[in-house]
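Everything on this sheet refers to the single structure shown next.
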Amino acid sequence: MQLYLPIAEIPVNIFVIFGMGGAVGFLSGLFGIGGGFLLTPLLIFSGIPPAVSVATVTTQVVASSASAVITYWRRKAIDLKLASILLAGGIFGSFLGVILFDVLQEVGQLDLVISLSYVTFLGAIGGLMLVESVRAIRRRKAGAPPRARKPGQHNWIHGLPLKVRFRRSKLYVSVIPVITLGAIIGFLGTVLGIGGGFMMVPALIYLLRVPTSIVIGTSLFQILFTMAAATIFHAMGTKTVDIVLAMTLMVGGVIGAQFGARMGQNLRGDQLRLLLALLVLGVGLRFAVDLLLIPDDLYSIAIRKGAGS
Amino acid sequence: MMRFVLSVILWFCAPFGLSLAQEEDRSQTGHLVTAVSSDRISIQSNFTGTEIVIFGQAEHIEHQPNAPGGYELAIIVEGPSQDITTRRKGRFFGVWVNREAETFRRVPSFYAVASTDDIGDMAHRSILDDLGIGLNHINLAITGSSNVALSDRDDFRRAFIRLRQEMGLYSERETSIEFLTETMFRTNIPLPANIPVGQYKVRSYLFNQGEVISKTQQSLRVAKTGFEQFTFNLAQDYSLLYGIMAVALAIFTGWLAGVIFRKD
């Protein structure tokens, strides 16, 4: 069934979009990720204009993180103070992101920056996760006990000034790295159309040493509000949020996520991380190939002014 | 007789918003009358493209295809103008990136031409250029701030026309005007699903021996209607409200899913 999208101004097959939302939702439920980094490229490859894809996925990420945030809220697994400070940085970063998005679109390098960022971030994080999960699987096979978190372990970040106590996370740390981290994730999320959970979670664990039980809920809470802000910034700035496309993706996504979450409970953590690492690396590689191979068409056009710009 | 047939057709079509254009001077040989099947194209949520029919009559002519000195027709449907940038990728440190860019000013967002003959044979190049008849004769004005070498300009023009053709927004269909009788003709112009909204022009030209002897112009409006229009206007004019609505809808959907699939 074809459905005309009012903002993208093209008709799409609603079942294909619904299916994409469902498939990405399944993976996000399985791995506990937002799935923006999968959904945005999928939409772009299927012919939705990149600007609309990026802006609309921010809305979809709001929906997919909202139901998870409610669950973690009930379990009291969110450090509100930490999340609020991350969020302050996130909204600032997101605002800068929309400005950069506009500028890049103007000079015609948006696609390049999106591709390069995907290759860099997905490659780096996918690689790290792959190494980590393979090690964990080996350790488990060898019968060694998993490494426990050593209390009181410090790195250079813990030497910075403006320290604040985060009770729930059992942390006493400077707000500078927290705000910076929030800003970077908000910025990248807005420009790339991703939630950034796959970057936020490792950063919170390895840089700030937030306990694992608090990390996911706090990260999701921050993502929810940063992406909500990004949606509003995109709606006002680029005017490319397509509510019909977003709604179709959301419905597919939340249904898929439920099935994914159920399946995820039957898999081991390290196996899940290995699969996720391969997935992340695969998407990064796809972008790298596109950048390096001779394109099918060297020319491209973009409407600057007038009808439909 | 033919005028009678045409007037009957027009009379039947009139209640359906059919528009009619004709020139003042009716006595002249080769006087052209044209009509468009619809003067308003509505885009709704089930819009997947449509087509318009243009028909008309050229009085006092005898159409003989390919006869030297015969009468020829060209009909152009043109969308509202746009500024469009064409970019070319080049290798930069091993990576393919957009390098040169050329911006074409005020080019039609949609352009379809139908004719009775090869457009190049119908009139002299300068006339075709003046009137913008045929894909090779569209006025592609460039901005002063172009970083494209003079020798490459034609490549950019060709690439621009080719990309627009691939999108279905530009088309040239020679010999697609069909004569029903010696003076009555019709042609179909397909409008793809991705057509831009706005005011369109339908221009018709009657040529004899390389000169325009009669022409007509009509307009056609392509507009979103109903929900599509409402959503689009909301996003444009009340963008903050639209953004907040999108967020509220997303949170509600997420919350609802949580309630429906709650295990306990």
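Here, A, B, ... name the chains of the structure tokens in the order displayed, residue numbers run from 1 inside each chain, and ligands are numbered from 1 in the same displayed order.
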| query | If you run DSSP on the backbone, which residues of region 62-304 of chain A are strand (DSSP E or B), as a ChimeraX atom specification? | reply | /A:163-166,171-174,299-304
Per residue of chain B within 6 Å of chain A, record the nearest atom pair and its distance in Å to one decimal, counting only C-alpha atoms, with rows in chain order and ascending residue number, as JSON lines.
```
{"residue": "B:Ser45", "atom": "CA", "partner": "A:Tyr4", "partner_atom": "CA", "distance": 4.6}
{"residue": "B:Asn46", "atom": "CA", "partner": "A:Leu3", "partner_atom": "CA", "distance": 5.4}
{"residue": "B:Phe47", "atom": "CA", "partner": "A:Tyr4", "partner_atom": "CA", "distance": 5.9}
{"residue": "B:Gln82", "atom": "CA", "partner": "A:Gly306", "partner_atom": "CA", "distance": 4.3}
{"residue": "B:Asp83", "atom": "CA", "partner": "A:Lys305", "partner_atom": "CA", "distance": 4.9}
{"residue": "B:Ile84", "atom": "CA", "partner": "A:Ile303", "partner_atom": "CA", "distance": 4.4}
{"residue": "B:Thr85", "atom": "CA", "partner": "A:Ala302", "partner_atom": "CA", "distance": 5.2}
{"residue": "B:Thr86", "atom": "CA", "partner": "A:Ile301", "partner_atom": "CA", "distance": 4.3}
{"residue": "B:Arg87", "atom": "CA", "partner": "A:Ser300", "partner_atom": "CA", "distance": 5.2}
{"residue": "B:Arg88", "atom": "CA", "partner": "A:Tyr299", "partner_atom": "CA", "distance": 4.4}
{"residue": "B:Lys89", "atom": "CA", "partner": "A:Leu298", "partner_atom": "CA", "distance": 5.0}
{"residue": "B:Val95", "atom": "CA", "partner": "A:Leu292", "partner_atom": "CA", "distance": 5.2}
{"residue": "B:Trp96", "atom": "CA", "partner": "A:Leu291", "partner_atom": "CA", "distance": 5.4}
{"residue": "B:Asn194", "atom": "CA", "partner": "A:Ile10", "partner_atom": "CA", "distance": 5.2}
{"residue": "B:Pro196", "atom": "CA", "partner": "A:Gly308", "partner_atom": "CA", "distance": 5.7}
{"residue": "B:Glu228", "atom": "CA", "partner": "A:Pro6", "partner_atom": "CA", "distance": 5.0}
{"residue": "B:Phe232", "atom": "CA", "partner": "A:Pro6", "partner_atom": "CA", "distance": 5.9}
{"residue": "B:Ser239", "atom": "CA", "partner": "A:Met236", "partner_atom": "CA", "distance": 5.0}
{"residue": "B:Leu240", "atom": "CA", "partner": "A:Met236", "partner_atom": "CA", "distance": 5.8}
{"residue": "B:Gly243", "atom": "CA", "partner": "A:Ile232", "partner_atom": "CA", "distance": 4.4}
{"residue": "B:Val247", "atom": "CA", "partner": "A:Ala228", "partner_atom": "CA", "distance": 5.8}
{"residue": "B:Ala250", "atom": "CA", "partner": "A:Ala63", "partner_atom": "CA", "distance": 4.3}
{"residue": "B:Ile251", "atom": "CA", "partner": "A:Ala63", "partner_atom": "CA", "distance": 5.2}
{"residue": "B:Gly254", "atom": "CA", "partner": "A:Ser67", "partner_atom": "CA", "distance": 4.5}
{"residue": "B:Trp255", "atom": "CA", "partner": "A:Ser67", "partner_atom": "CA", "distance": 5.0}
{"residue": "B:Gly258", "atom": "CA", "partner": "A:Ser67", "partner_atom": "CA", "distance": 5.0}
```
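Using only C-alpha atoms, the residues found no farther than 10 Å from Thr225 (chain B), other than those of its own chain fewer than 2 positions away, are Ile41, Ser42, Ile43, Gln44, Ser45, Val222, Ala223, Phe227, Glu228, Gln229, Phe230, Thr231 and Phe232 of chain B.
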Residues just named, written with N, CA and C atoms as a PDB file, in the first residue's frame:
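Once written, again_5.pdb looks like this:
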```pdb
ATOM      1  N   ILE B  41      -4.667  19.576  -9.572  1.00  0.00           N
ATOM      2  CA  ILE B  41      -4.251  18.224  -9.204  1.00  0.00           C
ATOM      3  C   ILE B  41      -4.149  18.204  -7.678  1.00  0.00           C
ATOM      4  N   SER B  42      -4.918  17.334  -7.043  1.00  0.00           N
ATOM      5  CA  SER B  42      -4.910  17.259  -5.585  1.00  0.00           C
ATOM      6  C   SER B  42      -4.017  16.127  -5.132  1.00  0.00           C
ATOM      7  N   ILE B  43      -3.117  16.434  -4.197  1.00  0.00           N
ATOM      8  CA  ILE B  43      -2.262  15.388  -3.632  1.00  0.00           C
ATOM      9  C   ILE B  43      -2.846  14.975  -2.292  1.00  0.00           C
ATOM     10  N   GLN B  44      -3.278  13.740  -2.221  1.00  0.00           N
ATOM     11  CA  GLN B  44      -3.798  13.195  -0.969  1.00  0.00           C
ATOM     12  C   GLN B  44      -2.893  12.066  -0.532  1.00  0.00           C
ATOM     13  N   SER B  45      -3.257  11.427   0.592  1.00  0.00           N
ATOM     14  CA  SER B  45      -2.348  10.415   1.132  1.00  0.00           C
ATOM     15  C   SER B  45      -2.193   9.207   0.211  1.00  0.00           C
ATOM     16  N   VAL B 222      -1.064  22.346  -8.734  1.00  0.00           N
ATOM     17  CA  VAL B 222      -0.824  21.094  -8.034  1.00  0.00           C
ATOM     18  C   VAL B 222      -0.751  21.442  -6.555  1.00  0.00           C
ATOM     19  N   ALA B 223      -1.646  20.870  -5.762  1.00  0.00           N
ATOM     20  CA  ALA B 223      -1.705  21.252  -4.353  1.00  0.00           C
ATOM     21  C   ALA B 223      -2.003  20.047  -3.487  1.00  0.00           C
ATOM     22  N   PHE B 227      -5.477  16.125   4.829  1.00  0.00           N
ATOM     23  CA  PHE B 227      -4.509  15.860   5.888  1.00  0.00           C
ATOM     24  C   PHE B 227      -3.097  16.268   5.477  1.00  0.00           C
ATOM     25  N   GLU B 228      -2.727  15.981   4.201  1.00  0.00           N
ATOM     26  CA  GLU B 228      -1.374  16.279   3.728  1.00  0.00           C
ATOM     27  C   GLU B 228      -1.097  17.772   3.818  1.00  0.00           C
ATOM     28  N   GLN B 229      -2.105  18.560   3.400  1.00  0.00           N
ATOM     29  CA  GLN B 229      -1.944  20.004   3.411  1.00  0.00           C
ATOM     30  C   GLN B 229      -1.883  20.526   4.844  1.00  0.00           C
ATOM     31  N   PHE B 230      -2.772  19.987   5.671  1.00  0.00           N
ATOM     32  CA  PHE B 230      -2.840  20.404   7.063  1.00  0.00           C
ATOM     33  C   PHE B 230      -1.500  20.161   7.756  1.00  0.00           C
ATOM     34  N   THR B 231      -0.955  18.948   7.567  1.00  0.00           N
ATOM     35  CA  THR B 231       0.313  18.580   8.195  1.00  0.00           C
ATOM     36  C   THR B 231       1.442  19.466   7.698  1.00  0.00           C
ATOM     37  N   PHE B 232       1.474  19.651   6.389  1.00  0.00           N
ATOM     38  CA  PHE B 232       2.548  20.448   5.790  1.00  0.00           C
ATOM     39  C   PHE B 232       2.496  21.890   6.313  1.00  0.00           C
TER      40      PHE B 232
END
```
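For Gly90 (chain A), the non-local neighbours within 7 Å, defined as residues at least 3 positions apart in the same chain or in other chains and counting only C-alpha atoms, are Leu86, Leu87, Gly93, Ser94, Gly182, Ala183, Ile185, Gly186 and Thr226 of chain A.
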| field | Test item: residues at most 12 Å from Gly264 (chain A), only C-alpha atoms, excluding those fewer than 2 positions along its chain, as a ChimeraX atom specification | value | /A:26-33,257-262,266-273,275-276
Near region 129-140 of chain B, counting only C-alpha atoms, which residues have an atom at most 9 Å away, once you skip same-chain residues fewer than 4 positions from it, shown as a PDB file with C-alpha atoms, in the first residue's frame?
```pdb
ATOM      1  CA  ALA B  74       4.721  21.446 -29.233  1.00  0.00           C
ATOM      2  CA  ILE B  75       3.079  21.361 -25.802  1.00  0.00           C
ATOM      3  CA  ILE B  76       5.041  22.107 -22.645  1.00  0.00           C
ATOM      4  CA  PHE B 104      21.135  26.699 -11.934  1.00  0.00           C
ATOM      5  CA  ARG B 105      18.850  29.635 -11.246  1.00  0.00           C
ATOM      6  CA  ARG B 106      15.098  29.620 -11.701  1.00  0.00           C
ATOM      7  CA  VAL B 107      14.849  26.363 -13.610  1.00  0.00           C
ATOM      8  CA  PRO B 108      11.501  24.557 -13.865  1.00  0.00           C
ATOM      9  CA  TYR B 111       9.226  20.030 -17.337  1.00  0.00           C
ATOM     10  CA  ALA B 112       7.474  17.825 -19.879  1.00  0.00           C
ATOM     11  CA  VAL B 113       7.387  18.506 -23.579  1.00  0.00           C
ATOM     12  CA  ALA B 114       5.295  16.672 -26.159  1.00  0.00           C
ATOM     13  CA  ILE B 119      11.905  19.138 -31.841  1.00  0.00           C
ATOM     14  CA  GLY B 120      15.153  20.076 -33.547  1.00  0.00           C
ATOM     15  CA  HIS B 124      15.518  27.262 -35.694  1.00  0.00           C
ATOM     16  CA  ARG B 125      17.585  26.781 -32.569  1.00  0.00           C
ATOM     17  CA  ARG B 157      24.047  20.705 -17.812  1.00  0.00           C
ATOM     18  CA  ARG B 158      23.786  17.231 -19.289  1.00  0.00           C
ATOM     19  CA  ILE B 161      18.956  17.113 -17.270  1.00  0.00           C
ATOM     20  CA  TYR B 170      11.862  16.152 -16.882  1.00  0.00           C
ATOM     21  CA  SER B 171      10.680  14.428 -20.025  1.00  0.00           C
ATOM     22  CA  GLU B 172      10.707  14.907 -23.736  1.00  0.00           C
TER      23      GLU B 172
END
```
| What residues in region 98-187 of chain A get the DSSP label alpha helix (DSSP H)? Please answer as number ranges by chain. | A: 98-107, 110-142, 175-187
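Across the structure, CA of Arg165 (chain A) and CA of Gly196 (chain A) are spaced 24.9 Å apart.
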| task | Please provide the set of residues having any atom within 9 Å of region 215-217 of chain A, restricted to only C-alpha atoms, with same-chain residues fewer than 3 positions apart removed, written as JSON, numbers by chain. | result | {"A": [32, 68, 69, 71, 72, 73, 76, 77, 78, 79, 169, 197, 200, 201, 202, 204, 205, 210, 211, 212, 220, 221, 222]}
Selection to disk with C-alpha atoms, as an mmCIF file, in the first residue's frame:
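The result, stored in part-v7.cif:
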```
data_model
loop_
_atom_site.group_PDB
_atom_site.id
_atom_site.type_symbol
_atom_site.label_atom_id
_atom_site.label_comp_id
_atom_site.auth_asym_id
_atom_site.auth_seq_id
_atom_site.Cartn_x
_atom_site.Cartn_y
_atom_site.Cartn_z
ATOM 1 C CA GLY A 32 19.062 -2.790 24.401
ATOM 2 C CA ALA A 68 12.182 1.514 28.236
ATOM 3 C CA VAL A 69 12.623 4.597 30.437
ATOM 4 C CA THR A 71 10.464 0.348 32.925
ATOM 5 C CA TYR A 72 13.782 1.542 34.414
ATOM 6 C CA TRP A 73 11.959 4.302 36.291
ATOM 7 C CA LYS A 76 14.515 3.001 40.262
ATOM 8 C CA ALA A 77 17.519 2.315 38.026
ATOM 9 C CA ILE A 78 17.961 5.932 36.905
ATOM 10 C CA ASP A 79 20.334 8.443 38.464
ATOM 11 C CA SER A 169 25.637 6.143 41.178
ATOM 12 C CA GLY A 197 23.308 4.893 23.433
ATOM 13 C CA MET A 200 26.992 6.748 25.942
ATOM 14 C CA VAL A 201 26.900 3.400 27.739
ATOM 15 C CA PRO A 202 30.605 2.521 27.300
ATOM 16 C CA LEU A 204 29.635 6.094 31.365
ATOM 17 C CA ILE A 205 31.036 2.725 32.368
ATOM 18 C CA VAL A 210 29.024 4.530 36.773
ATOM 19 C CA PRO A 211 27.720 1.200 38.123
ATOM 20 C CA THR A 212 26.360 -1.023 35.343
ATOM 21 C CA LEU A 220 18.091 6.014 28.087
ATOM 22 C CA PHE A 221 16.619 8.828 30.175
ATOM 23 C CA GLN A 222 19.191 11.251 28.793
#
```
| said: What's the separation between CA of Met167 (chain B) and CA of Thr187 (chain B), in Å to one decimal place? | reply: 21.2 Å
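CA of Leu96 (chain A) is found 25.8 Å from CA of Lys163 (chain A).
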